[in-house]
file protein-v1.cif (mmCIF, C-alpha atoms)
data_data
loop_
_atom_site.label_atom_id
_atom_site.label_comp_id
_atom_site.auth_asym_id
_atom_site.auth_seq_id
_atom_site.Cartn_x
_atom_site.Cartn_y
_atom_site.Cartn_z
CA VAL X 12 79.44 12.44 -44.28
CA ALA X 13 76.78 14.79 -43.15
CA VAL X 14 73.24 13.62 -43.64
CA TRP X 15 70.63 16.27 -43.84
CA HIS X 16 67.04 15.46 -42.80
CA ARG X 17 64.32 17.59 -44.29
CA THR X 18 61.45 18.14 -41.87
CA ALA X 19 58.07 19.62 -42.52
CA PRO X 20 57.60 23.17 -41.38
CA GLN X 21 56.04 23.45 -37.96
CA SER X 22 52.83 25.46 -37.73
CA HIS X 23 52.73 27.88 -34.87
CA LEU X 24 48.92 28.26 -35.02
CA PRO X 25 47.06 26.57 -32.14
CA MET X 26 44.83 23.61 -33.06
CA GLU X 27 41.15 24.53 -32.90
CA LEU X 28 38.96 21.83 -31.37
CA PRO X 29 35.21 21.74 -32.01
CA GLN X 30 33.32 23.16 -29.08
CA LEU X 31 30.32 21.27 -27.74
CA GLN X 32 27.23 23.36 -27.31
CA PRO X 33 25.62 22.95 -23.90
CA VAL X 34 22.28 21.20 -23.96
CA GLN X 35 19.53 23.62 -23.19
CA SER X 36 17.47 22.11 -20.37
CA GLU X 37 13.86 23.00 -19.90
CA ALA X 38 13.17 25.85 -17.55
CA GLU X 39 12.65 24.87 -13.94
CA ALA X 40 9.36 25.68 -12.27
CA PRO X 41 9.48 28.63 -9.84
CA PRO X 42 9.98 27.55 -6.21
CA ALA X 43 7.01 29.63 -5.08
CA GLU X 44 4.65 27.69 -7.35
CA LEU X 45 6.09 24.39 -6.17
CA ALA X 46 5.55 25.48 -2.58
CA ALA X 47 1.92 26.34 -3.40
CA VAL X 48 1.41 22.80 -4.70
CA TRP X 49 2.99 21.39 -1.53
CA VAL X 50 0.59 23.43 0.63
CA HIS X 51 -2.39 22.26 -1.44
CA LYS X 52 -1.35 18.62 -1.16
CA ALA X 53 -0.55 18.88 2.55
CA ALA X 54 -4.07 20.18 3.16
CA LYS X 55 -5.38 16.92 1.67
CA GLY X 56 -2.90 14.73 3.53
CA SER X 57 -0.84 13.81 0.47
CA ASP X 58 2.93 13.87 0.05
CA GLN X 59 3.16 12.81 -3.61
CA TRP X 60 5.06 15.71 -5.06
CA VAL X 61 8.65 16.61 -5.94
CA ARG X 62 11.16 19.16 -4.67
CA SER X 63 11.86 20.43 -8.18
CA CYS X 64 10.36 19.88 -11.60
CA SER X 65 10.15 21.47 -15.02
CA SER X 66 7.59 24.04 -16.02
CA HIS X 67 6.15 21.51 -18.47
CA GLN X 68 5.47 19.03 -15.65
CA LEU X 69 3.84 21.75 -13.57
CA ARG X 70 1.58 22.69 -16.51
CA ILE X 71 0.50 19.07 -16.87
CA TYR X 72 -0.28 18.97 -13.14
CA ARG X 73 -2.42 22.11 -13.39
CA PHE X 74 -4.19 20.78 -16.48
CA ARG X 75 -5.03 17.54 -14.67
CA LYS X 76 -6.43 19.50 -11.74
CA GLN X 77 -8.57 21.57 -14.12
CA LEU X 78 -10.11 18.32 -15.36
CA SER X 79 -11.22 17.31 -11.86
CA ASN X 80 -14.88 18.28 -12.39
CA VAL X 81 -14.91 16.59 -15.78
CA THR X 82 -13.46 13.44 -14.21
CA VAL X 83 -16.24 13.35 -11.60
CA LEU X 84 -18.91 13.67 -14.30
CA VAL X 85 -17.30 10.93 -16.41
CA LYS X 86 -17.08 8.58 -13.42
CA PHE X 87 -20.77 8.88 -12.56
CA ALA X 88 -21.83 8.78 -16.21
CA TYR X 89 -19.81 5.58 -16.58
CA LEU X 90 -21.50 4.04 -13.54
CA SER X 91 -24.97 5.27 -14.60
CA LEU X 92 -24.75 3.34 -17.87
CA SER X 93 -26.02 0.32 -15.93
CA LEU X 94 -29.44 1.98 -15.70
CA PHE X 95 -29.87 2.79 -19.39
CA GLU X 96 -27.98 0.15 -21.36
CA GLU X 97 -29.43 -3.05 -22.75
CA PRO X 98 -29.04 -6.02 -20.39
CA CYS X 99 -26.81 -8.81 -21.59
CA TRP X 100 -29.68 -11.22 -22.06
CA ILE X 101 -31.52 -8.67 -24.22
CA VAL X 102 -28.48 -8.37 -26.50
CA ARG X 103 -28.51 -12.14 -27.02
CA CYS X 104 -32.29 -12.56 -27.08
CA LYS X 105 -34.04 -9.89 -29.14
CA THR X 106 -37.50 -11.28 -28.38
CA CYS X 107 -37.13 -10.93 -24.60
CA ASP X 108 -38.69 -8.14 -22.61
CA SER X 109 -36.42 -5.11 -23.00
CA LYS X 110 -37.71 -2.87 -20.21
CA TYR X 111 -36.92 -2.77 -16.53
CA SER X 112 -39.65 -2.67 -13.93
CA TRP X 113 -39.11 1.10 -13.47
CA GLN X 114 -39.59 1.78 -17.20
CA LEU X 115 -36.41 3.78 -17.79
CA PRO X 116 -35.47 4.66 -21.37
CA ARG X 117 -33.01 2.27 -22.95
CA LEU X 118 -30.00 3.25 -25.03
CA PRO X 119 -29.21 1.28 -28.17
CA PHE X 120 -26.32 -1.10 -27.81
CA TRP X 121 -24.05 0.85 -30.16
CA ALA X 122 -24.68 4.07 -28.19
CA SER X 123 -24.03 2.61 -24.73
CA ASN X 124 -20.99 0.72 -25.98
CA GLY X 125 -19.59 3.87 -27.60
CA ILE X 126 -20.11 5.93 -24.44
CA GLU X 127 -18.36 3.25 -22.40
CA ILE X 128 -15.39 3.25 -24.80
CA LEU X 129 -15.09 7.05 -24.45
CA CYS X 130 -15.23 6.82 -20.65
CA LEU X 131 -12.57 4.11 -20.51
CA ALA X 132 -10.34 6.03 -22.93
CA TYR X 133 -10.71 9.12 -20.72
CA PHE X 134 -9.69 7.09 -17.66
CA GLY X 135 -6.57 5.92 -19.53
CA LEU X 136 -5.74 9.55 -20.36
CA ILE X 137 -6.13 10.57 -16.72
CA PHE X 138 -3.86 7.73 -15.59
CA ARG X 139 -1.16 8.87 -18.01
CA LEU X 140 -1.50 12.52 -17.00
CA ARG X 141 -1.12 11.51 -13.37
CA GLU X 142 2.18 9.76 -14.03
CA LEU X 143 3.51 12.68 -16.08
CA SER X 144 2.41 15.34 -13.60
CA LEU X 145 3.79 13.62 -10.49
CA GLY X 146 7.06 12.48 -12.05
CA ASP X 147 9.43 11.09 -9.43
CA GLY X 148 6.83 11.71 -6.72
CA ASN X 149 4.46 9.15 -8.21
CA GLN X 150 3.71 6.39 -5.72
CA ARG X 151 1.92 3.42 -7.25
CA SER X 152 -0.30 1.25 -5.10
CA ARG X 153 -2.19 -1.95 -5.78
CA TRP X 154 -5.28 0.08 -6.58
CA HIS X 155 -3.44 1.88 -9.39
CA THR X 156 -2.25 -1.38 -10.92
CA LEU X 157 -5.70 -2.95 -10.54
CA ARG X 158 -7.51 -0.09 -12.24
CA GLU X 159 -5.11 -0.04 -15.17
CA VAL X 160 -5.56 -3.79 -15.70
CA LEU X 161 -9.35 -3.62 -15.40
CA VAL X 162 -9.67 -0.58 -17.68
CA SER X 163 -7.53 -2.36 -20.30
CA LEU X 164 -9.65 -5.52 -20.11
CA ALA X 165 -12.92 -3.59 -20.26
CA LEU X 166 -11.71 -1.49 -23.18
CA VAL X 167 -10.71 -4.59 -25.14
CA ASP X 168 -14.10 -6.15 -24.42
CA CYS X 169 -15.93 -3.03 -25.63
CA LEU X 170 -13.83 -2.76 -28.78
CA VAL X 171 -14.52 -6.41 -29.60
CA ALA X 172 -18.21 -5.84 -28.88
CA SER X 173 -18.24 -3.15 -31.58
CA PHE X 174 -17.96 -5.98 -34.11
CA ASN X 175 -19.26 -8.88 -32.01
CA THR X 176 -22.00 -7.97 -29.54
CA ILE X 177 -21.13 -10.77 -27.13
CA GLY X 178 -17.69 -9.27 -26.46
CA VAL X 179 -14.63 -11.28 -25.48
CA VAL X 180 -16.40 -13.86 -23.31
CA PRO X 181 -19.02 -15.99 -25.13
CA GLY X 182 -22.56 -16.23 -23.82
CA ILE X 183 -24.56 -13.54 -22.05
CA PHE X 184 -21.64 -12.60 -19.80
CA ARG X 185 -19.95 -9.22 -20.48
CA LEU X 186 -16.51 -8.72 -18.98
CA CYS X 187 -16.68 -4.92 -19.10
CA ARG X 188 -19.85 -4.84 -17.01
CA LEU X 189 -18.33 -7.07 -14.35
CA CYS X 190 -15.30 -4.73 -14.13
CA ARG X 191 -17.40 -1.56 -13.98
CA PRO X 192 -18.09 -1.29 -10.21
CA VAL X 193 -14.50 -2.19 -9.34
CA ILE X 194 -13.21 0.39 -11.85
CA PHE X 195 -15.46 3.02 -10.27
CA ILE X 196 -14.03 2.22 -6.84
CA ALA X 197 -10.46 2.21 -8.15
CA VAL X 198 -10.73 5.60 -9.90
CA SER X 199 -12.47 7.31 -6.94
CA LYS X 200 -9.91 8.27 -4.31
CA PHE X 201 -12.30 8.78 -1.40
CA VAL X 202 -14.16 5.54 -2.19
CA ARG X 203 -10.82 3.72 -2.20
CA MET X 204 -9.95 5.23 1.17
CA THR X 205 -13.32 4.12 2.57
CA VAL X 206 -12.84 0.57 1.29
CA ASN X 207 -9.35 0.47 2.80
CA ARG X 208 -10.68 1.61 6.17
CA LEU X 209 -13.46 -0.99 6.07
CA TRP X 210 -10.97 -3.71 5.21
CA ARG X 211 -8.64 -2.73 8.06
CA SER X 212 -11.62 -2.63 10.42
CA CYS X 213 -12.77 -6.09 9.34
CA LEU X 214 -9.33 -7.46 10.07
CA ARG X 215 -9.65 -6.26 13.65
CA PHE X 216 -13.03 -7.85 14.43
CA TRP X 217 -13.00 -10.82 12.05
CA GLU X 218 -13.63 -13.09 15.05
CA ILE X 219 -16.98 -11.37 15.61
CA LEU X 220 -17.91 -11.81 11.96
CA ALA X 221 -16.91 -15.47 12.09
CA ALA X 222 -19.05 -15.96 15.20
CA LEU X 223 -21.99 -14.29 13.44
CA VAL X 224 -21.67 -16.65 10.47
CA VAL X 225 -21.52 -19.67 12.77
CA ALA X 226 -24.63 -18.46 14.63
CA VAL X 227 -26.58 -17.99 11.40
CA LEU X 228 -25.59 -21.45 10.14
CA PHE X 229 -26.56 -22.96 13.48
CA PHE X 230 -30.07 -21.46 13.37
CA VAL X 231 -30.48 -22.54 9.75
CA TRP X 232 -29.66 -26.10 10.75
CA PHE X 233 -31.97 -25.82 13.76
CA ALA X 234 -34.85 -24.58 11.56
CA ILE X 235 -34.38 -27.45 9.09
CA VAL X 236 -34.45 -30.03 11.88
CA MET X 237 -37.21 -28.37 13.89
CA PHE X 238 -39.67 -27.68 11.06
CA SER X 239 -38.84 -30.57 8.75
CA ARG X 240 -42.21 -32.32 9.26
CA SER X 241 -44.41 -29.23 9.38
CA GLU X 242 -46.13 -27.47 6.51
CA GLU X 243 -44.04 -24.34 7.10
CA GLY X 244 -40.86 -26.39 7.03
CA ARG X 245 -41.77 -28.08 3.74
CA GLU X 246 -42.48 -24.65 2.28
CA HIS X 247 -39.52 -22.64 3.57
CA PHE X 248 -36.93 -25.01 5.06
CA GLN X 249 -36.53 -27.89 2.64
CA ASP X 250 -32.78 -27.45 2.07
CA TRP X 251 -29.89 -25.22 3.16
CA PRO X 252 -30.10 -22.49 0.45
CA GLU X 253 -33.87 -22.09 0.84
CA ALA X 254 -33.67 -22.12 4.64
CA LEU X 255 -30.88 -19.54 4.63
CA ALA X 256 -32.83 -17.27 2.32
CA SER X 257 -35.99 -17.63 4.42
CA LEU X 258 -34.12 -16.85 7.61
CA LEU X 259 -32.28 -13.82 6.28
CA LEU X 260 -35.04 -12.36 4.09
CA GLY X 261 -37.99 -13.31 6.25
CA PRO X 262 -38.10 -10.05 8.27
CA PHE X 263 -38.20 -8.05 5.05
#
call {"tool": "encode", "arguments": {"input": "protein-v1.cif", "output": "structure tokens"}}
result
Amino acid sequence: VAVWHRTAPQSHLPMELPQLQPVQSEAEAPPAELAAVWVHKAAKGSDQWVRSCSSHQLRIYRFRKQLSNVTVLVKFAYLSLSLFEEPCWIVRCKTCDSKYSWQLPRLPFWASNGIEILCLAYFGLIFRLRELSLGDGNQRSRWHTLREVLVSLALVDCLVASFNTIGVVPGIFRLCRLCRPVIFIAVSKFVRMTVNRLWRSCLRFWEILAALVVAVLFFVWFAIVMFSRSEEGREHFQDWPEALASLLLGPF
């Protein structure tokens, strides 16, 4: 008995598979422009750059360099706020004397606090532009981490002070004003380099500094013992802090 099997007709047309479109990558920056950046950085003794990057990254780098003069002005304006803002004790005590001895004009608290917020926000923008512009060539140091932490703390303190004049820390102590000189050092490259050189130099002659401290303490002790029963000793050398201040500040 013959058994016939009916099969479906075979199609001779080839199966068409969906084709994946290649992802269009951003245009690479021209090698000549990258080389120009390398030459500019080598002239300043820096090697934080990449062998290749996108045109977008190169535009961010150029934009950040165009803001260099603005950054310098913002840094010194931020530091100069100490001369024109209300002291912490004036903010807490409205009846206290509100003028310095040199009679400089004083900014209202809301104005100085607003200017400080703008300066700190600008520093945050510059930090972000630096990371985007350097890309893989970005080398973070302890200074970079320190300035980001301090700028964040100071910005939070200023934002809280917009609603509560005492800021984050109660009393007459303002956290943002304590962070200000360190932030200025951390955002200024040449100041950071100077501080690093001074620190490395101090490590080399720390024995001399220690000997100087021991000598000063010895003469303070000698002055307390020597002049303890004299009128000058009772006036200037009664205890260690007063004797140290008299010995160090006496020539001035």
call {"tool": "closest_residue", "arguments": {"input": "protein-v1.cif", "among": "X:Leu145, X:Pro42, X:Pro98, X:Tyr133", "to": "Arg70 of chain X", "atoms": "all atoms listed in the file"}}
result
X:Leu145
call {"tool": "resolve_selection", "arguments": {"input": "protein-v1.cif", "expression": "the PyMOL selection byres ((chain X and resi 84-95) around 7)", "output": "JSON, numbers by chain"}}
result
{"X": [80, 81, 82, 83, 96, 97, 115, 116, 117, 118, 123, 127, 130, 191, 195]}
call {"tool": "closest_residue", "arguments": {"input": "protein-v1.cif", "among": "X:Phe138, X:Phe184, X:Trp232, X:Phe216", "to": "Pro252 of chain X", "atoms": "only C-alpha atoms"}}
result
X:Trp232
call {"tool": "atom_distance", "arguments": {"input": "protein-v1.cif", "atom1": "atom CA of Glu159 of chain X", "atom2": "atom CA of Leu131 of chain X"}}
result
10.1 Å
call {"tool": "residues_around", "arguments": {"input": "protein-v1.cif", "residues": "Gln68 of chain X", "least_positions_apart": "6", "cutoff": "8 Å", "atoms": "all atoms listed in the file", "output": "list of chain:residue names"}}
result
X:Leu143, X:Ser144, X:Leu145, X:Gly146
call {"tool": "closest_residue", "arguments": {"input": "protein-v1.cif", "among": "X:Leu157, X:Leu140, X:Leu255, X:Leu69", "to": "Ala197 of chain X", "atoms": "only C-alpha atoms"}}
result
X:Leu157
call {"tool": "atom_distance", "arguments": {"input": "protein-v1.cif", "atom1": "atom CA of Glu44 of chain X", "atom2": "atom CA of His67 of chain X"}}
result
12.8 Å
call {"tool": "closest_residue", "arguments": {"input": "protein-v1.cif", "among": "X:Ser63, X:Asn207, X:Arg185, X:Ser257", "to": "Arg245 of chain X", "atoms": "all atoms listed in the file"}}
result
X:Ser257
call {"tool": "atom_distance", "arguments": {"input": "protein-v1.cif", "atom1": "atom CA of Leu214 of chain X", "atom2": "atom CA of Lys200 of chain X"}}
result
21.3 Å
